[in-house]
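Accompanying notes for the structure given below.
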Amino acid sequence: MKSIILAGGSGSRLWPLSRDMYPKQLLSLDKDNSLLQQTFARLNNFSNAHDIVTITNVKHYSDIKLQLNKMSKDNIVIAEPLGKNTAPAIACTLEYFKQNSDNDDMILIVPSDHLIKDIEGFNKTVKAGEKLAQEGYIVTFGVKPTYPEIGYGYIKTLNALETGYKVERFVEKPDLATAKEYLSEGNYYWNGGIFMGKISVFFEEFKKLAPEIYSNLNQLDFSQDTKIQYGIYEKMPSISIDYAIMEKSDKIALVELQSDWNDLGSWQSLYNVKQKNENGNVITGKVITENVKNSFIYSQKELVAVADLEDVVIVETEDAIMACKMDKTQNVKKLYEKLKSQQSDTTKLHKTVFRPWGYYTCMNSGTGYLTKTICVLPKQKLSIQSHNYRSEHWVVLEGRALVVKEDEKFYLNAGDSIDIPVRAKHSLQNPYDEELKIIEVQKGDYISEDDIIRYEDCYGRV
């Protein structure tokens with residue numbers, strides 16, 4: 001079986017922990033491994049590592065590749081040049097498989113940010129879905145509702161099939177009264193966003209129902225690179241697989257998911273899966289409480305003191321504090337969108353960002369400049385890279401640095417500094433036994449983490 005992991009989401013409802021440049025699928029919310037890594041491990045039960053293809057936005061490519069390399073060096077990551085929703089992403093990945101395998105292979109498509117702990121139950125569901133998929137159905141895995149959720153789409157089933165049901169229709173996210181009706185009727189399922197079918201059947205439906213996507217696929221060439229060409233991708237509409245295919249096709253069947261499932265789409269859903277203390281609270285970090293019940297309180301850095309509150313969510317990070325009622329956590333997305341419209345840095349990156357070689361902390365920024373402190377761990381080094389729009393000035397604070405600039409080596413001690421011009425190939429390295437700490441001042445017309453061109457990288461991000 002082949003597998004596709006959709007890893008392009010932003011996780012805006014989990015702001016301020018989830019950010020645009022480091023979304024929830026990269027976070028370790030329940031275990032040591034991130035949601036993405038857990039998803040890869042789950043699919044590895046059905047697919048070899050080289051048959052699991054992850055598609056993500058180019059801005060997340062390096063972090064996705066880095067995390068999956070820890071699971072298997074044989075993983076494949078496709079980079080889309082801009083966000084176009086799930087239908088073009090799935091179609092392009094299917095084209096990758098078409099060019100590299102049998103068109104009649106079975107394909108399993110899953111989001112990267114779902115939490116599933118009952119692996120045996122999930123495996124049974126996949127086997128049940130495979131029977132219907134072999135008959136020519138596109139199978140969706142439905143989650144039996146346990147309460148009237150208004151944050152999920154629903155699927156209405158019709159007559160029973162051998163291992164599932166024929167689907168009558170897909171339904172948008174309902175209001176509370178309608179969700180209660182769906183729950184009482186018993187033949188509605190939450191849309192889990194997991195799909196299965198033969199590659200050939202998916203292509204038949206794309207050709208018939210989404211020709212504006214299908215007609216561009218034969219221009220793709222994955223023989224040399226797994227990055228989708230911008231000129232081809234921009235021609236495709238931005239549309240979900242539900243709207244493009246699932247709601248229009250007459251080949252849709254549903255199999256009930258026989259495992260636990262949580263899409264961790266809100267702070268409330270994360271609260272629901274976490275272990276609570278005697279007062280029903282989920283507490284992380286430096287937190288002190290007095291008469292607080294049934295609440296989620298998270299501190300990343302500062303002390304958070306809370307008294308006489310119930311059913312609330314409070315999340316503190318280095319640069320933001322978010323508080324809301326437990327039953328209103330879906331509205332966090334509205335806060336995120338407001339901040340994004342104001343071009344707030346709090347939606348993009350955390351102040352402290354961890355990398356395989358160490359970490360950096362953003363100290364100050366303004367028009368045309370950004371200042372960081374960078375810590376490079378012993379025996380680690382940054383990639384050989386260049387920047388098209390910014391220059392950099394480095395000052396060593398602690399330890400010793402080896403700087404490679406345009407093939408020339410410079411050895412710096414505490415107090416020494418060096419300039420890195422625009423477009424100069426360079427690398428910051430720490431071949432020594434103690435940590436290296438520097439101040440970096442970036443200057444340029446465009447200051448962003450996506451202004452990095454990597455040439456060599458020991459962490460597999462090229």
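A note on labels: chains of the structure tokens are A, B, ... as shown, every chain counts residues from 1, and ligands are counted from 1 in their shown order.
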Close residues, Asn218 in chain A itself excluded, 10 Å, only C-alpha atoms, min 5 positions apart in chain, as a PDB file with N, CA and C atoms, in the first residue's frame:
```pdb
ATOM      1  N   CYS A  92      -1.344  16.089  -7.027  1.00  0.00           N
ATOM      2  CA  CYS A  92       0.080  16.123  -7.396  1.00  0.00           C
ATOM      3  C   CYS A  92       0.844  14.951  -6.790  1.00  0.00           C
ATOM      4  N   GLU A  95       0.148  11.930  -8.740  1.00  0.00           N
ATOM      5  CA  GLU A  95       0.945  11.946  -9.968  1.00  0.00           C
ATOM      6  C   GLU A  95       2.368  11.475  -9.692  1.00  0.00           C
ATOM      7  N   GLN A  99       4.064   8.209 -11.554  1.00  0.00           N
ATOM      8  CA  GLN A  99       5.345   8.231 -12.255  1.00  0.00           C
ATOM      9  C   GLN A  99       6.366   7.261 -11.659  1.00  0.00           C
ATOM     10  N   ILE A 232       3.167  25.597 -12.761  1.00  0.00           N
ATOM     11  CA  ILE A 232       2.114  24.592 -12.928  1.00  0.00           C
ATOM     12  C   ILE A 232       1.102  24.681 -11.787  1.00  0.00           C
TER      13      ILE A 232
END
```
Leu303 in chain A environment, 8 Å, only C-alpha atoms, sequence neighbours closer than 5 positions dropped, as a ChimeraX atom specification: /A:286-288
Produce a file of the selected residues containing C-alpha atoms, as a short mmCIF file (atom, residue, chain, number, x, y, z; two decimals), in the first residue's frame.
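Printed below is again-v5.cif as written:
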```
data_model
loop_
_atom_site.label_atom_id
_atom_site.label_comp_id
_atom_site.auth_asym_id
_atom_site.auth_seq_id
_atom_site.Cartn_x
_atom_site.Cartn_y
_atom_site.Cartn_z
CA LYS A 286 5.42 27.16 36.12
CA VAL A 287 1.81 27.45 37.29
CA ILE A 288 0.30 28.11 40.72
#
```
So that each row is one residue of range 195-221 of chain A with an atom at most 12 Å from range 114-131 of chain A, can you give its shortest atom pair and the distance in Å to one decimal, using only C-alpha atoms, rows by chain and rising number, as JSON lines?
```
{"residue": "A:Phe195", "atom": "CA", "partner": "A:Gly129", "partner_atom": "CA", "distance": 9.0}
{"residue": "A:Met196", "atom": "CA", "partner": "A:Gly129", "partner_atom": "CA", "distance": 7.1}
{"residue": "A:Gly197", "atom": "CA", "partner": "A:Glu130", "partner_atom": "CA", "distance": 7.5}
{"residue": "A:Lys198", "atom": "CA", "partner": "A:Glu130", "partner_atom": "CA", "distance": 9.3}
```
With C-alpha atoms retained, write the just-selected residues as a PDB file, in the first residue's frame.
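Here's the written file result_14.pdb:
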```pdb
ATOM      1  CA  PHE A 195      -9.393   8.557   2.514  1.00  0.00           C
ATOM      2  CA  MET A 196      -8.501   5.350   0.694  1.00  0.00           C
ATOM      3  CA  GLY A 197      -8.815   4.069  -2.851  1.00  0.00           C
ATOM      4  CA  LYS A 198      -6.986   2.853  -5.912  1.00  0.00           C
TER       5      LYS A 198
END
```
Separation of CA of Asn57 in chain A from CA of Val201 in chain A in Å: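 Taking CA of Val201 in chain A and CA of Asn57 in chain A, their separation equals 25.9 Å.
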